[in-house]
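S.K.: This is query_3.txt (compact mmCIF, C-alpha atoms).
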```txt
# COMPACT_ATOMS: atom_id res chain seq x y z
CA MET E 532 20.09 35.19 -8.93
CA PRO E 533 19.94 35.80 -5.16
CA GLU E 534 22.14 33.54 -3.12
CA ARG E 535 20.26 30.88 -1.20
CA GLY E 536 21.53 28.33 1.21
CA VAL E 537 20.78 26.20 4.21
CA PRO E 538 20.96 28.22 7.42
CA ALA E 539 24.08 27.44 9.43
CA GLY E 540 23.71 24.43 11.69
CA THR E 541 20.58 23.05 9.99
CA GLY E 542 22.08 20.86 7.24
CA ASP E 543 22.07 17.79 9.46
CA ASP E 544 18.99 18.73 11.50
CA VAL E 545 16.14 16.25 10.87
CA ASP E 546 13.53 18.89 11.76
CA ALA E 547 14.97 21.45 9.33
CA VAL E 548 15.15 18.87 6.53
CA THR E 549 11.62 17.70 7.32
CA ARG E 550 10.32 21.30 7.12
CA ALA E 551 12.08 21.82 3.78
CA VAL E 552 10.64 18.57 2.37
CA LEU E 553 7.13 19.45 3.61
CA THR E 554 7.38 22.85 1.93
CA ALA E 555 8.58 21.25 -1.31
CA SER E 556 5.80 18.66 -1.09
CA ARG E 557 3.18 21.44 -0.97
CA LEU E 558 4.64 22.85 -4.18
CA LEU E 559 4.73 19.42 -5.82
CA VAL E 560 1.12 18.68 -4.79
CA GLU E 561 0.07 21.95 -6.42
CA VAL E 562 2.02 21.09 -9.60
CA SER E 563 0.41 17.62 -9.59
CA ALA E 564 -3.08 19.04 -9.16
CA ARG E 565 -2.57 21.51 -12.03
CA SER E 566 -1.18 18.78 -14.29
CA LEU E 567 -4.36 16.73 -13.77
CA GLY E 568 -6.56 19.73 -14.61
CA ALA E 569 -7.26 18.66 -18.19
CA VAL E 570 -8.40 15.16 -17.14
CA GLU E 571 -9.89 15.82 -13.71
CA ASP E 572 -13.38 15.05 -15.01
CA ARG E 573 -12.18 11.50 -15.84
CA VAL E 574 -9.44 10.66 -13.33
CA THR E 575 -8.89 11.45 -9.65
CA GLN E 576 -5.40 11.80 -8.18
CA PRO E 577 -5.52 8.27 -6.62
CA GLN E 578 -6.77 6.81 -9.90
CA PHE E 579 -3.95 8.58 -11.75
CA ARG E 580 -1.46 7.04 -9.32
CA MET E 581 -2.93 3.63 -10.23
CA LEU E 582 -2.54 4.42 -13.93
CA VAL E 583 1.10 5.40 -13.34
CA VAL E 584 1.79 2.15 -11.47
CA LEU E 585 0.22 0.13 -14.30
CA SER E 586 2.21 2.19 -16.80
CA THR E 587 5.53 1.53 -15.07
CA ARG E 588 4.89 -2.10 -14.03
CA GLY E 589 3.02 -3.45 -17.03
CA ASP E 590 0.57 -6.33 -16.59
CA THR E 591 -0.16 -6.58 -12.87
CA THR E 592 -2.39 -8.66 -10.64
CA LEU E 593 -4.93 -6.93 -8.42
CA VAL E 594 -3.15 -8.09 -5.26
CA ALA E 595 0.22 -6.77 -6.49
CA LEU E 596 -1.39 -3.49 -7.54
CA ALA E 597 -3.01 -3.08 -4.12
CA GLU E 598 0.34 -3.75 -2.41
CA LEU E 599 2.15 -1.23 -4.63
CA LEU E 600 -0.49 1.40 -3.85
CA HIS E 601 -0.62 0.48 -0.13
CA VAL E 602 -4.40 -0.03 -0.25
CA ALA E 603 -6.68 -2.96 0.50
CA PRO E 604 -7.45 -5.24 -2.46
CA SER E 605 -11.13 -4.24 -2.21
CA THR E 606 -10.17 -0.57 -2.61
CA ALA E 607 -7.94 -1.42 -5.57
CA MET E 608 -10.82 -3.43 -7.09
CA ARG E 609 -13.22 -0.46 -6.87
CA MET E 610 -10.58 1.86 -8.38
CA ILE E 611 -9.73 -0.49 -11.24
CA ASP E 612 -13.43 -1.10 -11.95
CA ARG E 613 -13.87 2.67 -12.45
CA LEU E 614 -10.82 2.84 -14.72
CA ILE E 615 -12.10 -0.11 -16.76
CA ALA E 616 -15.53 1.54 -17.08
CA ALA E 617 -13.78 4.71 -18.29
CA GLY E 618 -11.88 2.72 -20.93
CA LEU E 619 -8.47 3.39 -19.34
CA ALA E 620 -7.63 -0.16 -18.20
CA VAL E 621 -8.60 -3.73 -19.05
CA ARG E 622 -8.56 -7.17 -17.43
CA ARG E 623 -7.21 -10.20 -19.20
CA THR E 624 -6.52 -13.79 -18.24
CA ASN E 625 -2.87 -14.57 -17.58
CA PRO E 626 -1.84 -16.96 -20.37
CA ALA E 627 0.70 -18.58 -18.01
CA ASN E 628 -1.90 -19.15 -15.26
CA ARG E 629 -5.51 -19.13 -16.41
CA ARG E 630 -6.78 -18.75 -12.83
CA GLU E 631 -5.05 -15.37 -12.57
CA THR E 632 -6.32 -12.07 -13.97
CA LEU E 633 -3.91 -9.38 -15.12
CA LEU E 634 -4.63 -5.66 -15.33
CA ARG E 635 -3.16 -3.37 -17.96
CA LEU E 636 -3.62 0.08 -19.42
CA THR E 637 -5.48 0.71 -22.65
CA ASP E 638 -3.99 3.02 -25.28
CA GLU E 639 -6.19 5.80 -23.86
CA GLY E 640 -4.88 5.09 -20.34
CA ARG E 641 -1.29 5.31 -21.62
CA ARG E 642 -2.11 8.57 -23.42
CA ILE E 643 -3.50 10.13 -20.23
CA VAL E 644 -0.40 9.11 -18.27
CA ALA E 645 1.86 10.53 -20.99
CA ASP E 646 -0.09 13.82 -21.28
CA VAL E 647 -0.33 14.47 -17.54
CA THR E 648 3.31 13.50 -17.03
CA ALA E 649 4.41 15.84 -19.85
CA ARG E 650 2.52 18.76 -18.28
CA ARG E 651 3.99 17.96 -14.86
CA ARG E 652 7.50 17.56 -16.31
CA ALA E 653 7.28 20.92 -18.13
CA GLU E 654 6.17 22.79 -15.01
CA ILE E 655 8.83 21.17 -12.82
CA ALA E 656 11.48 21.89 -15.49
CA GLY E 657 10.46 25.55 -15.38
CA ILE E 658 10.96 25.66 -11.61
CA VAL E 659 14.25 23.75 -11.74
CA GLY E 660 15.45 26.01 -14.56
CA ARG E 661 15.36 28.95 -12.13
CA LEU E 662 17.96 27.25 -9.90
CA ALA E 663 21.69 27.80 -10.28
CA PRO E 664 23.60 24.84 -11.78
CA GLU E 665 25.19 23.92 -8.45
CA GLU E 666 21.76 23.98 -6.77
CA ARG E 667 20.38 21.64 -9.43
CA ALA E 668 23.29 19.23 -8.90
CA ALA E 669 22.74 19.26 -5.13
CA LEU E 670 19.00 18.75 -5.63
CA VAL E 671 19.53 15.68 -7.84
CA GLY E 672 21.71 14.07 -5.18
CA ALA E 673 19.38 14.93 -2.30
CA LEU E 674 16.18 13.86 -4.06
CA THR E 675 17.74 10.66 -5.38
CA ALA E 676 18.72 9.68 -1.84
CA PHE E 677 15.27 10.70 -0.52
CA ASN E 678 13.46 8.66 -3.21
CA GLU E 679 15.66 5.62 -2.60
CA ALA E 680 15.04 5.85 1.15
CA GLY E 681 11.30 5.93 0.43
CA GLY E 682 11.44 3.06 -2.08
CA GLU E 683 10.18 5.12 -5.03
CA PRO E 684 11.53 4.04 -8.45
CA PRO E 685 13.02 6.81 -10.59
CA ALA E 686 10.83 8.58 -13.12
CA PRO E 687 11.68 7.74 -16.72
CA ASP E 688 13.77 10.19 -18.73
CA ASP E 689 12.00 12.20 -21.43
CA PRO E 690 14.46 12.15 -24.36
CA GLU E 691 11.95 13.84 -26.68
CA GLY E 692 10.82 16.59 -24.33
CA PRO E 693 11.88 20.19 -23.84
CA GLY E 694 15.45 20.57 -22.65
CA ALA E 695 16.18 16.93 -23.47
CA ARG E 696 19.71 15.68 -22.97
CA LEU E 697 21.56 12.88 -24.67
CA PRO E 698 21.13 9.44 -23.06
CA GLY E 699 23.67 8.94 -20.31
CA ASP E 700 23.91 12.65 -19.45
CA PRO E 701 24.84 12.58 -15.75
CA ARG E 702 22.60 15.59 -15.08
CA LEU E 703 19.55 13.40 -15.73
CA ARG E 704 20.56 10.12 -14.14
CA PRO E 705 20.83 9.31 -10.45
CA PRO E 706 24.25 8.06 -9.39
CA GLY E 707 24.85 4.32 -9.50
CA PRO E 708 23.81 1.58 -11.88
CA PRO E 709 20.28 1.53 -13.34
CA ALA E 710 17.74 -0.73 -11.70
CA GLU E 711 17.64 -4.03 -13.56
CA ASP E 712 14.28 -5.00 -12.12
CA GLY E 713 12.40 -1.99 -13.50
CA GLY E 714 12.70 -0.09 -10.23
CA ALA E 715 11.03 -2.64 -7.97
CA GLN E 716 11.37 -1.86 -4.31
CA ARG E 717 14.38 -3.37 -2.65
CA GLU E 718 14.94 -3.97 1.02
CA ARG E 719 17.55 -1.52 2.26
CA PRO E 720 20.05 -2.44 4.97
CA GLY E 721 18.85 -1.45 8.41
CA ARG E 722 15.19 -1.34 7.51
```
If you convert what's in this file into structure tokens, what do you get?
M.R.:
Amino acid sequence: MPERGVPAGTGDDVDAVTRAVLTASRLLVEVSARSLGAVEDRVTQPQFRMLVVLSTRGDTTLVALAELLHVAPSTAMRMIDRLIAAGLAVRRTNPANRRETLLRLTDEGRRIVADVTARRRAEIAGIVGRLAPEERAALVGALTAFNEAGGEPPAPDDPEGPGARLPGDPRLRPPGPPAEDGGAQRERPGR
């Protein structure tokens, strides 16, 4: 495998890191678009993001969903209405507070999230598999720090998928203890 590295003097350069992340984001957007190919007639990329949030958060209020997606509640309402009409989400009354409505995925909504995520995971695993072991280790550390800085909860492990590792394998887990709140955003010092 050809040797790759960060050009001398650019490892701590915000512009160089920003360029590298932008380049990687173009690749990841392309992978994301291809992974949605089989369901693009039913779900747009923003709607899929909503399905993923509902999948990871469970029953959620419209206001909380809008906040998590960084959209206005009216936008979230239009999106969820389309997902409900497509049979991918449902509304139900909160048994603890009958004035509150909760949103959740249907079995079909969960299946779409699982299928798209599996396609995305397989394609990313193929790309990562072409990296040298030390590059993969460096990438885990860098992306974990980047995701934490951006407030994005970690993706779940796929113990049944291709190349699966035993639970607790340090190559699959970010450093530090697991989030006990399901990955909810936390305020970071200095922010």
S.K.: So which residues touch segment 572-584 of chain E within 7 Å, counting all atoms listed in the file, skipping near sequence neighbours fewer than 4 positions away, as a PyMOL selection string?
M.R.: chain E and resi 588+610+640+644
S.K.: Measuring between only C-alpha atoms, which one of E:Thr592, E:Glu598, E:Asp638, E:Ala676 shows the shortest distance to Asn625 of chain E?
M.R.: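 Distance minimum relative to Asn625 of chain E lands on E:Thr592.
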S.K.: Using all atoms listed in the file, which residue out of E:Met608, E:Val545, E:Leu559, E:Ala645 lies closest to Ile658 of chain E?
M.R.: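 Closest to Ile658 of chain E of all the choices is E:Leu559.
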S.K.: Write out as a PyMOL selection string which residues come within 12 Å of Ala595 of chain E when counting all atoms listed in the file, dropping same-chain ones fewer than 4 positions away.
M.R.: chain E and resi 581+584-585+588-591+599-604+607-608+631-634+715
S.K.: Identify, on the basis of only C-alpha atoms, every residue whose closest approach to Arg642 of chain E does not exceed 10 Å; exclude the query and any residue fewer than 6 positions from it along the same chain; express the result as JSON, numbers by chain.
M.R.: {"E": [619, 636, 648]}
S.K.: Rounded to one decimal in Å, what is the spacing between atom CA of Leu558 of chain E and atom CA of Gly657 of chain E?
M.R.: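 So the two atoms, atom CA of Leu558 of chain E and atom CA of Gly657 of chain E, lie 12.9 Å apart.
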S.K.: Which residue is closest to Arg652 of chain E? Choose from E:Ala686, E:Ile611, E:Val570, E:Ala547 and count all atoms listed in the file.
M.R.: E:Ala686
S.K.: Ranking E:Pro687, E:Ala649, E:Gly660, E:Val671 by minimum distance to Ser563 of chain E and counting all atoms listed in the file, which one comes first?
M.R.: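 Closest candidate: E:Ala649.
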S.K.: Quick one, how far is atom CA of Ile643 of chain E from atom CA of Thr606 of chain E?
M.R.: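 Spanning atom CA of Ile643 of chain E to atom CA of Thr606 of chain E is a straight-line distance of 21.7 Å.
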S.K.: To one decimal in Å, tell me the separation between atom CA of Leu674 of chain E and atom CA of Glu654 of chain E.
M.R.: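 Distance reported for this atom pair: 17.3 Å.
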